[in-house]
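Encoded as structure tokens, the structure appears first; notes follow it.
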Amino acid sequence: MDQSYTNSRRLQPRPAIERNLDKAFVWAAKIFALAIAGVFVWITTQVTFQAMPAISEFGLGFLWTSSWNPVNSQFGILPAVYGTIVSSFIALLISIPIGLGVAIFLSEDYLPPKVQRIIVFLVELLAAVPSVVYGLWGIFVLIPFLSDFTPLRGPAMLPAALILSVMILPTIAAISRDAITSVPIDLRQAAVGLGATRWEAILKIIIPAASSGIIGGIMLALGRALGETMAVTMLIGNANTINPSVFAPSNTIASLLANQFAEASGLQVAALLYAALILFIITLIVNILAQLLVTRLQRI
């Protein structure tokens, strides 16, 4: 009797109001998703339209030309592309091992839970510091410190990359920690049961299992590094030249936009928007590659 009563209750249809609320939520989610896509298309269209004079004038040669002379209407973005890629690459080289180490340290019970929560909060708090504060700290603390024992004599690629590494560190550490803690505890126990040491279990089992989340965090951090503006503008030197030395001033696309857009006019505005479109495309390619890589790792 009890079993049949329970089964009859389970077979009862859901109330109409619940079904309507579910349908409304689904439609609202679809509308918001389409709205985001629409905003993306609208921004791309507007930037492309405003950049058309420069696109028509310079074509793809804009990408590998080094001259930037508004007086003679000569514009090329190669040094800025170089500075954007190199500064982001150096920042990743520094922040990935540190961020991954912090993630492991804060997820594998090396500390009491209360202390661990405090440190996690402090690491994530780095992401809340305004970029201009990082820039000021770099000018008044980092550059004088590096000048004492390196050839650095002012704003250059190295201090900009170091500040970038600090700024993207919380993203890598936080997302990597979440990915590591989401690995089922059974994998840890199975590895230890088979005779693996703690570090063997971490390096050979846990990290590969969490690799999709870790890669996703790294790619998100790379996206921020590519587009960071204020701190990099204050520290990189804003020299429109290509120099292999990290102690020499350089430039990035975001810094170029921040420095010149306020006073630009005519073809220079179109050239700056063309540069913004290129930065937009670079960031989009990074995000697409990140999604493809994460999807592939999840299938393995």
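Chain identifiers are assigned as A, B, and so on, following the order in which chains appear in the structure tokens; residues are numbered from 1 within each chain, and ligands are numbered from 1 in order of appearance.
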
Can you build me a table of region 167-209 of chain A residues sitting at most 12 Å from region 114-120 of chain A, with the closest atom pair per residue and its distance in Å to one decimal, using only C-alpha atoms, sorted by chain and residue number, as a tab-separated table?
residue	atom	partner	partner_atom	distance
A:Pro170	CA	A:Val120	CA	9.4
A:Thr171	CA	A:Val120	CA	11.8
A:Ala173	CA	A:Val120	CA	9.0
A:Ala174	CA	A:Val120	CA	7.9
A:Ile175	CA	A:Val120	CA	11.4
A:Arg177	CA	A:Val120	CA	9.4
A:Asp178	CA	A:Val120	CA	11.0

Can you write just those residues out, C-alpha atoms, as a tab-separated table (two decimals), in the first residue's frame?
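Final output, saved to result-v2.tsv:
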chain	number	residue	atom	x	y	z
A	170	PRO	CA	45.44	35.34	-8.71
A	171	THR	CA	43.57	34.12	-11.80
A	173	ALA	CA	46.13	30.30	-8.65
A	174	ALA	CA	42.39	30.53	-7.92
A	175	ILE	CA	41.17	28.60	-10.97
A	177	ARG	CA	43.06	25.48	-6.98
A	178	ASP	CA	39.38	24.99	-7.83

- [ ] Compile the contact shell of region 40-57 of chain A as number ranges by chain: residues with an atom at most 10 Å away, counting only C-alpha atoms, same-chain residues fewer than 6 positions apart removed.
- [x] A: 34, 75, 266-278, 280-281

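Here CA of Leu169 (chain A) stands at a distance of 19.8 Å from CA of Gly83 (chain A).
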
Task: region 20-262 of chain A: residues DSSP assigns to strand (DSSP E), reported as a PyMOL selection string - done: chain A and resi 68-69+74-75

Keeping N, CA and C atoms for every residue in the selection just given, could you write it to a file as a tab-separated table (two decimals), in the first residue's frame?
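Writing the result to part.tsv gives the following:
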chain	number	residue	atom	x	y	z
A	68	TRP	N	55.40	54.92	-36.79
A	68	TRP	CA	54.16	55.51	-36.28
A	68	TRP	C	54.39	57.02	-36.20
A	69	ASN	N	54.00	57.71	-37.27
A	69	ASN	CA	54.24	59.15	-37.39
A	69	ASN	C	52.95	59.86	-37.80
A	74	GLN	N	51.85	58.18	-41.24
A	74	GLN	CA	52.49	56.88	-41.40
A	74	GLN	C	52.24	56.08	-40.12
A	75	PHE	N	51.59	54.93	-40.28
A	75	PHE	CA	51.20	54.16	-39.10
A	75	PHE	C	51.51	52.69	-39.32

- [ ] Compile the contact shell of Ser212 (chain A) as an MDAnalysis selection string: residues with an atom at most 12 Å away, counting only C-alpha atoms, same-chain residues fewer than 5 positions apart removed.
- [x] chainID A and resid 175:176 178:180 182:183 206:207 217:219 290:300

- [ ] Apply DSSP to the structure's backbone, then extract all residues of region 205-271 of chain A labelled helix (DSSP H, G or I) and return them as number ranges by chain.
- [x] A: 205-209, 211-227, 230-235, 253-263, 267-271

Task: Option closest in space to Thr84 (chain A), from A:Val129, A:Val192, A:Leu21, A:Ile282 [counting only C-alpha atoms] - done: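 Residue with the minimum atom-to-atom distance to Thr84 (chain A): A:Ile282.
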
Open item on the list: If I take CA of Arg224 (chain A) and CA of Val166 (chain A), how far is one from the other in Å, to one decimal?
Closed with: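 Computing the Euclidean distance for CA of Arg224 (chain A) and CA of Val166 (chain A) yields 11.7 Å.
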
- [ ] Please provide the set of residues having any atom within 10 Å of Ser131 (chain A), restricted to only C-alpha atoms, with same-chain residues fewer than 5 positions apart removed, written as JSON, numbers by chain.
- [x] {"A": [136, 137, 163, 164, 167, 228, 229, 230, 231, 232, 234]}

Task: Distance in Å - CA of Ile31 (chain A) versus CA of Glu18 (chain A) - done: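 Answer for the CA of Ile31 (chain A) to CA of Glu18 (chain A) separation: 19.9 Å.
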
Task: Which residue of A:Ile202, A:Ala80, A:Val39, A:Ile139 approaches Phe62 (chain A) most closely, using only C-alpha atoms - done: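 So, comparing all the options, the nearest one is A:Ala80.
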
- [ ] Would you mind listing what lies within 12 Å of Val141 (chain A) as a PyMOL selection string, with only C-alpha atoms counted and same-chain residues fewer than 4 positions away left out?
- [x] chain A and resi 133-137+145-148+154-155+159+163+235
